[in-house]
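Okay, coords36.cif is below, mmCIF, C-alpha atoms:
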data_query
loop_
_atom_site.label_atom_id
_atom_site.label_comp_id
_atom_site.auth_asym_id
_atom_site.auth_seq_id
_atom_site.Cartn_x
_atom_site.Cartn_y
_atom_site.Cartn_z
CA MET A 720 105.68 52.72 103.78
CA ASN A 721 109.24 53.86 103.32
CA ARG A 722 111.05 55.69 106.08
CA LEU A 723 110.85 59.18 104.53
CA ALA A 724 107.10 58.92 103.98
CA TRP A 725 106.69 57.72 107.58
CA ILE A 726 108.65 60.70 108.93
CA LYS A 727 106.54 63.05 106.79
CA SER A 728 103.34 61.50 108.19
CA LEU A 729 104.68 61.90 111.73
CA ALA A 730 105.56 65.55 111.15
CA ASP A 731 102.14 66.20 109.61
CA TYR A 732 100.45 64.53 112.58
CA LEU A 733 102.45 66.48 115.15
CA GLY A 734 101.78 69.65 113.15
CA GLY A 735 98.02 69.11 113.20
CA ALA A 736 97.72 68.51 109.45
CA GLU A 737 96.88 64.81 109.74
CA ASP A 738 94.15 63.36 111.96
CA LEU A 739 95.77 59.99 112.48
CA PRO A 740 99.34 59.08 113.44
CA PRO A 741 101.45 57.05 111.01
CA ALA A 742 101.15 53.29 111.19
CA GLY A 743 103.19 51.72 113.96
CA LEU A 744 103.48 54.85 116.09
CA SER A 745 102.60 54.14 119.71
CA LEU A 746 102.22 57.67 121.07
CA PRO A 747 99.93 57.92 124.07
CA ALA A 748 96.82 59.72 122.83
CA SER A 749 96.16 61.21 126.26
CA SER A 750 95.42 64.85 126.88
CA SER A 751 98.52 65.10 129.08
CA TRP A 752 100.75 64.23 126.10
CA TRP A 753 99.12 66.91 123.99
CA GLY A 754 99.37 69.29 126.95
CA LEU A 755 103.13 68.73 127.00
CA TRP A 756 103.40 69.27 123.25
CA TRP A 757 101.33 72.44 123.38
CA GLY A 758 103.38 73.62 126.35
CA ALA A 759 106.61 73.13 124.41
CA LEU A 760 105.19 75.04 121.43
CA THR A 761 103.98 77.81 123.71
CA ILE A 762 107.45 78.17 125.24
CA VAL A 763 108.94 78.50 121.74
CA ILE A 764 106.31 81.09 120.82
CA VAL A 765 106.90 83.13 123.99
CA LEU A 766 110.68 82.98 123.54
CA PHE A 767 110.61 84.24 119.97
CA CYS A 768 107.54 86.47 119.76
CA GLY A 769 107.82 90.24 119.63
CA GLN A 770 109.85 90.47 116.44
CA ALA A 771 106.68 91.84 114.89
CA SER A 772 107.29 91.33 111.20
CA LYS A 773 104.18 91.09 109.05
CA PHE A 774 103.24 88.04 107.03
CA ILE A 775 104.75 88.34 103.55
CA TYR A 776 101.64 87.24 101.68
CA ILE A 777 99.18 89.54 103.44
CA ASP A 778 98.55 92.75 101.49
CA PHE A 779 101.73 92.34 99.56
CA MET B 1347 100.26 91.10 111.70
CA ILE B 1348 96.59 90.18 112.38
CA PHE B 1349 97.15 86.47 113.16
CA THR B 1350 99.83 87.37 115.69
CA THR B 1351 97.64 89.87 117.56
CA SER B 1352 95.64 89.05 120.68
CA ALA B 1353 92.62 90.77 119.09
CA TYR B 1354 92.42 87.97 116.54
CA TYR B 1355 92.17 85.25 119.19
CA ILE B 1356 89.76 87.30 121.32
CA LEU B 1357 87.47 87.23 118.29
CA LEU B 1358 88.27 83.68 117.17
CA ILE B 1359 87.68 81.59 120.29
CA PRO B 1360 84.23 82.93 121.33
CA THR B 1361 83.06 82.99 117.71
CA ALA B 1362 84.10 79.37 117.11
CA ILE B 1363 82.31 78.24 120.31
CA LEU B 1364 79.19 80.25 119.52
CA PHE B 1365 79.17 78.91 115.96
CA ARG B 1366 79.08 75.35 117.28
CA ILE B 1367 76.34 75.79 119.85
CA VAL B 1368 73.77 77.69 117.75
CA GLY B 1369 71.36 76.06 115.29
CA PRO B 1370 72.20 75.39 111.62
CA GLN B 1371 70.16 78.34 110.34
CA VAL B 1372 72.02 80.81 112.57
CA ARG B 1373 75.56 79.54 111.88
CA PRO B 1374 76.10 81.40 108.58
CA TRP B 1375 75.08 84.66 110.22
CA ILE B 1376 77.65 84.13 112.98
CA CYS B 1377 80.27 83.96 110.21
CA VAL B 1378 78.86 87.12 108.58
CA ALA B 1379 78.76 89.17 111.79
CA SER B 1380 82.22 88.09 112.96
CA GLY B 1381 83.66 88.55 109.46
CA ALA B 1382 82.25 92.06 109.18
CA LEU B 1383 83.63 92.94 112.63
CA PHE B 1384 87.01 91.46 111.66
CA PHE B 1385 87.10 93.37 108.37
CA ILE B 1386 86.22 96.72 109.94
CA TYR B 1387 88.47 96.37 112.99
CA PHE B 1388 91.59 95.25 111.13
CA SER B 1389 91.00 97.65 108.23
CA VAL B 1390 90.96 100.53 110.70
CA THR B 1391 93.92 99.32 112.75
CA GLU B 1392 96.14 97.71 110.10
CA VAL B 1393 95.39 99.01 106.59
CA GLY B 1394 93.47 101.82 104.96
CA GLY B 1395 91.85 103.32 108.08
CA TRP B 1396 88.15 104.14 107.95
CA LEU B 1397 88.31 104.43 104.15
CA GLY B 1398 89.56 100.85 104.11
CA ALA B 1399 86.76 99.82 106.44
CA ALA B 1400 84.25 101.44 104.08
CA CYS B 1401 85.35 98.88 101.50
CA ILE B 1402 82.99 96.50 103.27
CA LEU B 1403 80.53 97.97 100.75
CA ILE B 1404 82.29 95.77 98.17
CA PHE B 1405 80.85 92.76 100.00
CA LEU B 1406 77.41 94.40 99.98
CA TRP B 1407 77.70 94.80 96.20
CA GLU B 1408 78.79 91.19 95.85
CA ALA B 1409 75.90 90.02 98.04
CA VAL B 1410 73.42 91.76 95.73
CA ILE B 1411 74.87 90.86 92.35
CA SER B 1412 75.62 87.24 93.27
CA ARG B 1413 71.89 86.69 93.83
CA LEU B 1414 71.32 87.51 90.14
CA TYR B 1415 73.69 84.80 88.90
CA SER B 1416 72.25 81.85 87.04
CA PRO B 1417 73.63 79.51 84.37
CA ARG B 1418 74.56 81.40 81.18
CA SER B 1419 73.46 84.69 82.71
CA ALA B 1420 75.18 87.91 81.67
CA TRP B 1421 75.11 88.94 85.32
CA CYS B 1422 77.88 86.41 85.97
CA LEU B 1423 80.04 88.21 83.42
CA VAL B 1424 79.20 91.54 85.06
CA GLY B 1425 80.27 90.04 88.39
CA VAL B 1426 83.60 88.85 86.95
CA ALA B 1427 84.21 92.23 85.32
CA ALA B 1428 83.37 94.06 88.55
CA SER B 1429 85.76 91.88 90.55
CA LEU B 1430 88.54 92.49 88.04
CA CYS B 1431 87.82 96.25 88.18
CA ILE B 1432 88.00 96.26 91.98
CA LEU B 1433 91.32 94.41 91.87
CA GLY B 1434 92.61 96.57 89.03
CA ILE B 1435 91.77 99.90 90.61
CA PHE B 1436 93.02 99.19 94.10
CA LYS B 1437 96.05 97.12 93.25
CA TYR B 1438 97.24 98.14 89.81
CA TRP B 1439 96.16 101.75 89.25
CA ASN B 1440 99.44 103.41 90.16
CA PHE B 1441 101.48 100.62 88.56
CA THR B 1442 99.61 100.83 85.24
CA THR B 1443 99.42 104.61 85.05
CA GLY B 1444 103.09 104.73 86.03
CA LEU B 1445 104.01 102.49 83.11
CA LEU B 1446 101.82 104.45 80.69
CA SER B 1447 103.28 107.76 81.79
CA ALA B 1448 106.87 106.52 81.73
CA PRO B 1449 107.72 108.53 78.58
CA PHE B 1450 106.51 111.71 80.30
CA SER B 1451 108.15 113.52 83.18
CA ARG B 1452 105.52 112.59 85.78
CA ASN B 1453 102.43 110.48 86.34
CA SER B 1454 99.56 112.96 86.43
CA LEU B 1455 97.08 110.14 87.15
CA VAL B 1456 98.83 108.92 90.30
CA TRP B 1457 96.53 108.04 93.21
CA ARG B 1458 98.42 109.46 96.18
CA GLY B 1459 96.26 107.99 98.92
CA ALA B 1460 96.21 104.52 97.38
CA PHE B 1461 95.58 101.62 99.74
CA LEU B 1462 94.68 97.96 99.47
CA PRO B 1463 91.38 96.83 101.00
CA LEU B 1464 92.00 94.00 103.43
CA GLY B 1465 92.36 90.72 101.52
CA VAL B 1466 91.37 92.21 98.15
CA SER B 1467 93.62 89.84 96.17
CA PHE B 1468 91.95 86.83 97.74
CA PHE B 1469 88.30 87.75 98.09
CA THR B 1470 88.09 88.94 94.48
CA PHE B 1471 89.35 85.50 93.36
CA GLU B 1472 86.60 83.84 95.41
CA PHE B 1473 84.04 86.20 93.85
CA ILE B 1474 85.28 85.26 90.37
CA HIS B 1475 85.19 81.55 91.18
CA TYR B 1476 81.54 81.77 92.24
CA ALA B 1477 80.50 83.87 89.23
CA VAL B 1478 82.23 81.57 86.72
CA ASP B 1479 80.98 78.38 88.34
CA ARG B 1480 77.42 79.73 88.47
CA TYR B 1481 77.74 80.68 84.80
CA TYR B 1482 78.69 77.12 83.86
CA GLY B 1483 76.20 75.61 86.32
CA ARG B 1484 78.96 73.93 88.31
CA VAL B 1485 77.74 75.21 91.65
CA GLU B 1486 74.35 75.48 93.32
CA ARG B 1487 73.14 78.96 94.16
CA GLY B 1488 73.02 78.36 97.91
CA THR B 1489 71.23 80.61 100.34
CA LEU B 1490 72.20 84.24 100.89
CA GLY B 1491 73.45 83.30 104.34
CA GLN B 1492 75.64 80.52 102.97
CA TYR B 1493 77.18 82.77 100.35
CA LEU B 1494 77.79 85.63 102.76
CA ALA B 1495 79.34 83.18 105.22
CA PHE B 1496 81.58 82.00 102.37
CA ILE B 1497 82.88 85.46 101.51
CA PHE B 1498 82.99 86.76 105.11
CA PHE B 1499 84.61 83.70 106.77
CA PHE B 1500 87.34 85.62 108.57
CA PRO B 1501 90.09 82.98 109.06
CA THR B 1502 90.53 82.93 105.26
CA LEU B 1503 89.49 86.50 104.48
CA VAL B 1504 92.92 88.09 104.44
CA ALA B 1505 95.15 85.63 102.60
CA GLY B 1506 93.28 82.43 101.85
CA PRO B 1507 93.48 79.52 101.36
CA ILE B 1508 91.19 80.32 98.43
CA LYS B 1509 88.01 78.35 99.10
CA ARG B 1510 85.37 76.86 96.80
CA PHE B 1511 81.68 77.45 97.51
CA GLN B 1512 80.77 73.87 96.52
CA TYR B 1513 82.56 72.56 99.58
CA PHE B 1514 82.19 75.45 102.00
CA GLY B 1515 78.60 76.62 101.48
CA PRO B 1516 76.58 73.56 102.44
CA GLY B 1517 79.11 72.55 105.11
CA VAL B 1518 78.76 75.79 107.00
CA GLU B 1519 75.34 74.72 108.25
CA GLN B 1520 76.46 71.18 109.03
CA PRO B 1521 80.01 71.37 110.37
CA SER B 1522 81.85 68.49 111.99
CA THR B 1523 80.46 67.67 115.41
CA ASP B 1524 83.62 66.00 116.68
CA TRP B 1525 84.64 68.79 119.06
CA PRO B 1526 87.58 67.00 120.74
CA ALA B 1527 89.28 66.00 117.47
CA ASP B 1528 88.63 69.36 115.79
CA TRP B 1529 89.93 71.38 118.74
CA ASN B 1530 92.92 69.12 119.26
CA ARG B 1531 93.91 69.41 115.60
CA GLY B 1532 92.94 73.08 115.35
CA ILE B 1533 94.88 74.26 118.42
CA THR B 1534 97.90 72.15 117.45
CA ARG B 1535 97.86 73.66 113.96
CA ILE B 1536 97.59 77.22 115.27
CA LEU B 1537 100.42 76.75 117.80
CA VAL B 1538 102.67 75.12 115.20
CA GLY B 1539 101.90 78.00 112.81
CA LEU B 1540 102.80 80.62 115.41
CA ALA B 1541 106.00 78.75 116.32
CA LYS B 1542 107.00 78.53 112.64
CA LYS B 1543 106.34 82.22 112.17
CA PHE B 1544 108.16 83.49 115.26
CA ALA B 1545 110.96 80.97 115.68
CA VAL B 1546 111.91 80.44 112.04
CA ALA B 1547 110.46 82.99 109.61
CA ASP B 1548 110.99 86.06 111.80
CA LEU B 1549 114.39 84.84 112.91
CA LEU B 1550 115.51 84.55 109.29
CA THR B 1551 114.52 88.19 108.69
CA SER B 1552 117.84 89.33 110.20
CA VAL B 1553 119.56 87.44 107.34
CA THR B 1554 117.18 88.34 104.53
CA ASP B 1555 117.35 92.05 105.43
CA HIS B 1556 120.73 91.99 103.67
CA LEU B 1557 118.98 91.62 100.32
CA ASN B 1558 119.44 95.28 99.42
CA ARG B 1559 121.71 97.00 96.90
CA ALA B 1560 124.28 98.31 99.37
CA ASP B 1561 124.81 94.97 101.12
CA ILE B 1562 124.80 93.03 97.85
CA ALA B 1563 127.51 95.32 96.45
CA ALA B 1564 129.81 94.50 99.36
CA ALA B 1565 128.97 90.82 99.82
CA SER B 1566 130.97 87.72 98.93
CA ARG B 1567 129.44 85.12 96.64
CA GLY B 1568 128.97 82.78 99.60
CA ALA B 1569 127.01 85.41 101.51
CA LEU B 1570 124.78 86.02 98.49
CA ILE B 1571 123.94 82.32 98.36
CA VAL B 1572 123.23 82.14 102.10
CA TRP B 1573 120.95 85.18 101.95
CA ILE B 1574 118.81 83.85 99.12
CA LEU B 1575 118.62 80.42 100.77
CA ALA B 1576 117.46 82.16 103.96
CA TYR B 1577 114.78 83.99 101.95
CA ALA B 1578 113.60 80.71 100.38
CA TRP B 1579 113.06 79.18 103.82
CA LYS B 1580 111.67 82.37 105.30
CA ILE B 1581 108.93 82.73 102.69
CA TYR B 1582 108.03 79.05 103.04
CA PHE B 1583 107.82 79.14 106.82
CA ASP B 1584 106.07 82.51 106.75
CA PHE B 1585 103.29 81.62 104.35
CA SER B 1586 102.85 78.03 105.48
CA ALA B 1587 102.65 79.34 109.06
CA TYR B 1588 99.91 81.71 107.96
CA SER B 1589 98.08 78.85 106.26
CA ASP B 1590 98.46 76.64 109.36
CA ILE B 1591 96.81 79.31 111.50
CA ALA B 1592 94.00 79.89 108.99
CA ILE B 1593 93.30 76.16 108.56
CA GLY B 1594 93.56 75.53 112.31
CA SER B 1595 91.20 78.41 113.04
CA ALA B 1596 88.64 77.02 110.60
CA ARG B 1597 88.97 73.63 112.27
CA LEU B 1598 87.85 75.19 115.56
CA PHE B 1599 84.57 75.94 113.78
CA GLY B 1600 84.40 72.32 112.59
CA ILE B 1601 85.04 73.47 109.03
CA ARG B 1602 87.71 72.05 106.73
CA ILE B 1603 89.28 74.39 104.21
CA PRO B 1604 91.76 73.54 101.44
CA GLU B 1605 95.38 72.84 102.27
CA ASN B 1606 97.96 75.21 100.81
CA PHE B 1607 101.28 73.41 101.19
CA ASP B 1608 102.50 69.84 100.96
CA TRP B 1609 106.27 69.81 101.38
CA PRO B 1610 106.95 71.74 98.16
CA TYR B 1611 110.72 71.94 98.61
CA ALA B 1612 110.93 68.15 98.67
CA ARG B 1613 109.69 67.89 95.07
CA THR B 1614 111.84 66.74 92.20
CA ASN B 1615 110.41 68.84 89.37
CA ILE B 1616 108.86 72.28 88.97
CA THR B 1617 105.39 71.00 88.05
CA GLU B 1618 105.23 68.98 91.26
CA PHE B 1619 106.52 72.00 93.14
CA TRP B 1620 103.63 74.15 91.89
CA ARG B 1621 101.10 71.46 92.70
CA ARG B 1622 102.23 71.72 96.32
CA TRP B 1623 103.11 75.39 96.79
CA HIS B 1624 100.12 77.67 97.46
CA ARG B 1625 97.91 74.88 96.17
CA SER B 1626 94.63 76.74 96.45
CA LEU B 1627 95.98 79.49 94.16
CA TRP B 1628 97.47 76.96 91.75
CA ARG B 1629 94.13 75.14 91.44
CA TRP B 1630 92.34 78.47 90.95
CA LEU B 1631 94.77 79.43 88.16
CA VAL B 1632 94.35 76.04 86.50
CA ASP B 1633 90.54 76.15 86.64
CA TYR B 1634 89.97 79.81 85.78
CA VAL B 1635 92.93 80.71 83.55
CA PHE B 1636 94.74 77.63 82.18
CA VAL B 1637 91.67 75.56 81.22
CA PRO B 1638 89.75 78.49 79.63
CA LEU B 1639 92.88 79.29 77.60
CA GLY B 1640 92.76 75.76 76.21
CA GLY B 1641 94.72 73.92 78.89
CA SER B 1642 96.61 70.89 77.66
CA ARG B 1643 94.41 70.57 74.55
CA GLY B 1644 95.68 71.79 71.23
CA SER B 1645 99.19 71.92 69.89
CA ARG B 1646 102.28 71.65 72.06
CA LEU B 1647 103.10 75.27 71.32
CA SER B 1648 99.70 76.44 72.56
CA VAL B 1649 100.20 74.45 75.79
CA TYR B 1650 103.54 76.15 76.35
CA VAL B 1651 101.98 79.57 75.70
CA ASN B 1652 99.16 78.74 78.13
CA LEU B 1653 101.61 77.72 80.86
CA LEU B 1654 103.60 80.89 80.37
CA SER B 1655 100.45 83.03 80.42
CA VAL B 1656 99.24 81.44 83.66
CA MET B 1657 102.50 82.13 85.42
CA LEU B 1658 102.70 85.70 84.11
CA ILE B 1659 99.23 86.30 85.57
CA SER B 1660 100.31 84.59 88.78
CA GLY B 1661 103.34 86.87 88.97
CA LEU B 1662 101.25 89.99 88.41
CA TRP B 1663 98.74 88.82 91.03
CA HIS B 1664 101.53 88.47 93.57
CA GLY B 1665 102.40 92.13 93.25
CA ALA B 1666 102.12 95.20 91.07
CA GLY B 1667 105.73 95.42 89.99
CA LEU B 1668 107.97 94.45 87.12
CA ASN B 1669 109.91 92.12 89.43
CA PHE B 1670 106.77 90.05 90.06
CA ILE B 1671 106.09 89.81 86.32
CA ALA B 1672 109.70 88.67 85.84
CA TRP B 1673 109.23 86.13 88.65
CA GLY B 1674 106.13 84.81 86.90
CA ALA B 1675 108.00 84.65 83.57
CA TRP B 1676 110.83 82.72 85.27
CA HIS B 1677 108.45 80.11 86.66
CA GLY B 1678 106.47 79.96 83.43
CA SER B 1679 109.71 79.28 81.55
CA LEU B 1680 110.64 76.56 84.06
CA LEU B 1681 107.25 74.89 83.57
CA VAL B 1682 107.65 75.05 79.79
CA ILE B 1683 111.16 73.58 80.00
CA HIS B 1684 109.86 70.77 82.21
CA ARG B 1685 107.00 70.12 79.76
CA LEU B 1686 109.48 70.05 76.85
CA TRP B 1687 111.63 67.60 78.81
CA THR B 1688 108.74 65.24 79.62
CA ASP B 1689 107.47 65.46 76.04
CA TRP B 1690 110.94 64.49 74.86
CA ARG B 1691 111.64 61.85 77.52
CA PRO B 1692 108.38 60.61 79.06
CA LEU B 1693 108.87 58.59 82.24
CA HIS B 1694 107.82 54.99 81.69
CA GLU B 1695 105.84 53.47 84.54
CA ASP B 1696 108.05 50.40 84.63
CA ARG B 1697 111.20 52.49 85.03
CA THR B 1698 112.09 53.46 88.59
CA PRO B 1699 114.18 56.61 88.93
CA THR B 1700 117.59 56.04 90.47
CA PHE B 1701 118.62 57.73 93.72
CA VAL B 1702 121.21 59.80 91.89
CA GLY B 1703 118.65 60.82 89.30
CA LEU B 1704 116.15 61.87 91.98
CA ALA B 1705 118.80 63.76 93.93
CA ALA B 1706 119.89 65.61 90.79
CA SER B 1707 116.26 66.45 89.91
CA TRP B 1708 115.64 67.72 93.42
CA GLY B 1709 118.82 69.81 93.36
CA VAL B 1710 117.99 71.43 90.02
CA THR B 1711 114.39 72.14 91.08
CA PHE B 1712 115.34 73.61 94.46
CA ALA B 1713 118.12 75.73 92.94
CA ALA B 1714 115.81 77.07 90.21
CA VAL B 1715 113.06 77.97 92.71
CA THR B 1716 115.52 79.53 95.14
CA LEU B 1717 117.20 81.65 92.46
CA GLY B 1718 113.75 82.83 91.40
CA TRP B 1719 113.04 84.20 94.87
CA ALA B 1720 115.52 87.03 94.18
CA LEU B 1721 112.91 88.45 91.79
CA PHE B 1722 110.22 88.14 94.45
CA ALA B 1723 112.28 89.66 97.25
CA MET B 1724 113.76 92.67 95.49
CA ASP B 1725 112.78 95.22 92.86
CA LEU B 1726 113.89 94.34 89.34
CA PRO B 1727 117.10 96.46 89.11
CA THR B 1728 118.28 95.17 92.53
CA ALA B 1729 117.45 91.56 91.61
CA LEU B 1730 119.37 91.87 88.33
CA PHE B 1731 122.27 93.41 90.24
CA TYR B 1732 122.10 90.44 92.64
CA TYR B 1733 122.34 87.96 89.72
CA ARG B 1734 125.22 89.91 88.20
CA ARG B 1735 127.16 89.80 91.48
CA LEU B 1736 126.32 86.13 91.97
CA ILE B 1737 127.47 85.10 88.50
CA LEU B 1738 130.27 87.55 87.71
CA GLY B 1739 131.42 88.30 91.24
#
Serialized structure, structure tokens:
Amino acid sequence: MNRLAWIKSLADYLGGAEDLPPAGLSLPASSSWWGLWWGALTIVIVLFCGQASKFIYIDF
Amino acid sequence: MIFTTSAYYILLIPTAILFRIVGPQVRPWICVASGALFFIYFSVTEVGGWLGAACILIFLWEAVISRLYSPRSAWCLVGVAASLCILGIFKYWNFTTGLLSAPFSRNSLVWRGAFLPLGVSFFTFEFIHYAVDRYYGRVERGTLGQYLAFIFFFPTLVAGPIKRFQYFGPGVEQPSTDWPADWNRGITRILVGLAKKFAVADLLTSVTDHLNRADIAAASRGALIVWILAYAWKIYFDFSAYSDIAIGSARLFGIRIPENFDWPYARTNITEFWRRWHRSLWRWLVDYVFVPLGGSRGSRLSVYVNLLSVMLISGLWHGAGLNFIAWGAWHGSLLVIHRLWTDWRPLHEDRTPTFVGLAASWGVTFAAVTLGWALFAMDLPTALFYYRRLILG
């Protein structure tokens, strides 16, 4: 697998779109790792929420 | 808003848990009850008020008529016609009567209290899919509960992804039982979607707000380019974020629904772009517009006309405005040009594209798509003014 495809698979896995990590990735599959990742995402959400714009594609 | 409100998650989490712990026969009815509650609550609070909520009767109509469908039955055609009428009246009435009355001083047929029922553009396409596929015998009838669960499944009710009954109907009674994997993937997907929406799409709004006539008139060429680039990324992050949340929400139920995006901006030609941008809509358009028109059969000219027709319909579906029709015409023209190019210079399997060739293809594709967003973001006169300023200064 070339490097770009590997990075895409990693991004898809971290984004929840893929069930399995790309070949060769040795991420710990523990709940604490996912807790950290979710915590980081939650911090980003809390920092930026409240701008209250609607989704473009809904009831356009 | 909807997906960014706490009300959505207050409904989602208990419903997804309940759906998993009840028996197979009850599961569809959990989808129906929660979908009806979702439709009424968000119609009242977000669009249309109580009149919008009353549009739940459309689903009642669909529930009745869909039971009459059978292969080669005229009822299927009635169902398609009814869906098109619902879409036409709610979405295109003022646009059409406005065009027809353009030669006169005013539109005497204008509907002043016009509103869009929640998700009308999407649920009517699912209704049409079922009616057409029943007509051609491509889908089993399914139980009433399965079909109602299909049309009322609230994570996809408002803006897709556009589902297919073949895959959703039977699966609703036998969802995945792998709770840990489904919830891990589902929660990750929802959080990533919310982060994309808030931290990228909404942040870019401060830049894309400049896409108005007054700001365009005063802007430098560089600023015009930055603004349209910002819009290109905003619409991608906005809609893919929405799709992430919808797909992640469905995953909490143990249900897989179609993907909508697969890195569309990384593609090196416009056909590949459309296969990976709003994929569920693209597949719907191919199956229910392009193929019935003749698809890739027939003469080259007819294929080009079919491609152009599909994208004109796609443009009109995206919004009742001349700018959306122009946006559809732009993409239809790009698809025709790409088809002409590949007809003229087909890519041989033994020939590997060079890096420079790929980079140039990507650049042309991305630039063409990005320039097209001006037609999506602004009304037609403003978009044309934008192009004039961009080209002539």
Find the residues of chain B that sit at most 6 Å from chain A; for each, write down the nearest two atoms and how far apart they are in Å, to one decimal. Count only C-alpha atoms. Sort by chain, then by number going up, and give it as a Markdown table.
| residue | atom | partner | partner_atom | distance |
| --- | --- | --- | --- | --- |
| B:Met1347 | CA | A:Lys773 | CA | 4.7 |
| B:Ala1505 | CA | A:Ile777 | CA | 5.7 |
| B:Arg1531 | CA | A:Gly735 | CA | 4.8 |
| B:Thr1534 | CA | A:Gly735 | CA | 5.2 |
| B:Arg1535 | CA | A:Gly735 | CA | 4.6 |
| B:Val1538 | CA | A:Gly734 | CA | 5.9 |
| B:Ala1541 | CA | A:Ile764 | CA | 5.1 |
| B:Phe1544 | CA | A:Phe767 | CA | 5.4 |
| B:Ala1545 | CA | A:Phe767 | CA | 5.4 |
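Of note, atom CA of Ala1569 of chain B and atom CA of Leu1540 of chain B are spaced 28.3 Å apart.
What the PyMOL selection byres ((chain B and resi 1601) around 10) grabs from this file is Tyr1513, Phe1514, Gly1517, Val1518, Glu1519, Gln1520, Pro1521, Ser1522, Thr1523, Asp1528, Ile1593, Gly1594, Ser1595, Ala1596, Arg1597, Leu1598, Phe1599, Gly1600, Arg1602 and Ile1603 of chain B.
With all atoms listed in the file as the basis for measurement, B:Asn1530 is the residue among B:Arg1413, B:Ile1659, B:Ile1404, B:Asn1530 that approaches Ser749 of chain A most closely.
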Problem set entry | Expected selection from the PyMOL selection byres ((chain B and resi 1626) around 10), given as number ranges by chain | B: 1506-1510, 1603-1607, 1621-1625, 1627-1632
Write out the residues from the selection above, keeping C-alpha atoms, as a CSV table (one decimal), in the frame of the given file.
chain,number,residue,atom,x,y,z
B,1506,GLY,CA,93.3,82.4,101.8
B,1507,PRO,CA,93.5,79.5,101.4
B,1508,ILE,CA,91.2,80.3,98.4
B,1509,LYS,CA,88.0,78.4,99.1
B,1510,ARG,CA,85.4,76.9,96.8
B,1603,ILE,CA,89.3,74.4,104.2
B,1604,PRO,CA,91.8,73.5,101.4
B,1605,GLU,CA,95.4,72.8,102.3
B,1606,ASN,CA,98.0,75.2,100.8
B,1607,PHE,CA,101.3,73.4,101.2
B,1621,ARG,CA,101.1,71.5,92.7
B,1622,ARG,CA,102.2,71.7,96.3
B,1623,TRP,CA,103.1,75.4,96.8
B,1624,HIS,CA,100.1,77.7,97.5
B,1625,ARG,CA,97.9,74.9,96.2
B,1627,LEU,CA,96.0,79.5,94.2
B,1628,TRP,CA,97.5,77.0,91.8
B,1629,ARG,CA,94.1,75.1,91.4
B,1630,TRP,CA,92.3,78.5,91.0
B,1631,LEU,CA,94.8,79.4,88.2
B,1632,VAL,CA,94.4,76.0,86.5
Problem set entry | Selection dump of the PyMOL selection byres ((chain B and resi 1423) around 12), as a list in words | Ile1411, Ser1412, Leu1414, Tyr1415, Ser1416, Pro1417, Arg1418, Ser1419, Ala1420, Trp1421, Cys1422, Val1424, Gly1425, Val1426, Ala1427, Ala1428, Ser1429, Leu1430, Phe1473, Ile1474, His1475, Tyr1476, Ala1477, Val1478, Asp1479, Arg1480, Tyr1481 and Tyr1482 of chain B
Could the centre and edge lengths of an axis-aligned box, enclosing all atoms of segment 723-736 of chain A in the file with 4 Å extra on each side, be given in Å to one decimal as lines of an AutoDock Vina configuration file?
center_x = 104.3
center_y = 63.7
center_z = 109.6
size_x = 21.1
size_y = 19.9
size_z = 19.2
For this session: Take atom CA of Ile1497 of chain B and atom CA of Glu1472 of chain B and report the distance between them in Å, one decimal.
Result: 7.3 Å
Using the partial input, fill out segment 1407-1415 of chain B with N, CA and C atoms; write the result as a short mmCIF file (atom, residue, chain, number, x, y, z; two decimals), in the coordinates of the input.
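To be explicit, this is the file written out as selection-v3.cif:
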data_model
loop_
_atom_site.label_atom_id
_atom_site.label_comp_id
_atom_site.auth_asym_id
_atom_site.auth_seq_id
_atom_site.Cartn_x
_atom_site.Cartn_y
_atom_site.Cartn_z
N TRP B 1407 77.90 94.88 97.65
CA TRP B 1407 77.70 94.80 96.20
C TRP B 1407 77.70 93.35 95.75
N GLU B 1408 78.67 92.59 96.25
CA GLU B 1408 78.79 91.19 95.85
C GLU B 1408 77.56 90.40 96.31
N ALA B 1409 77.07 90.72 97.51
CA ALA B 1409 75.90 90.02 98.04
C ALA B 1409 74.71 90.22 97.11
N VAL B 1410 74.57 91.45 96.59
CA VAL B 1410 73.42 91.76 95.73
C VAL B 1410 73.58 91.10 94.37
N ILE B 1411 74.73 91.34 93.73
CA ILE B 1411 74.87 90.86 92.35
C ILE B 1411 74.94 89.33 92.28
N SER B 1412 75.50 88.71 93.31
CA SER B 1412 75.62 87.24 93.27
C SER B 1412 74.25 86.55 93.28
N ARG B 1413 73.25 87.26 93.81
CA ARG B 1413 71.89 86.69 93.83
C ARG B 1413 71.26 86.67 92.44
N LEU B 1414 71.87 87.46 91.50
CA LEU B 1414 71.32 87.51 90.14
C LEU B 1414 71.94 86.45 89.23
N TYR B 1415 73.00 85.78 89.74
CA TYR B 1415 73.69 84.80 88.90
C TYR B 1415 72.81 83.59 88.63
#
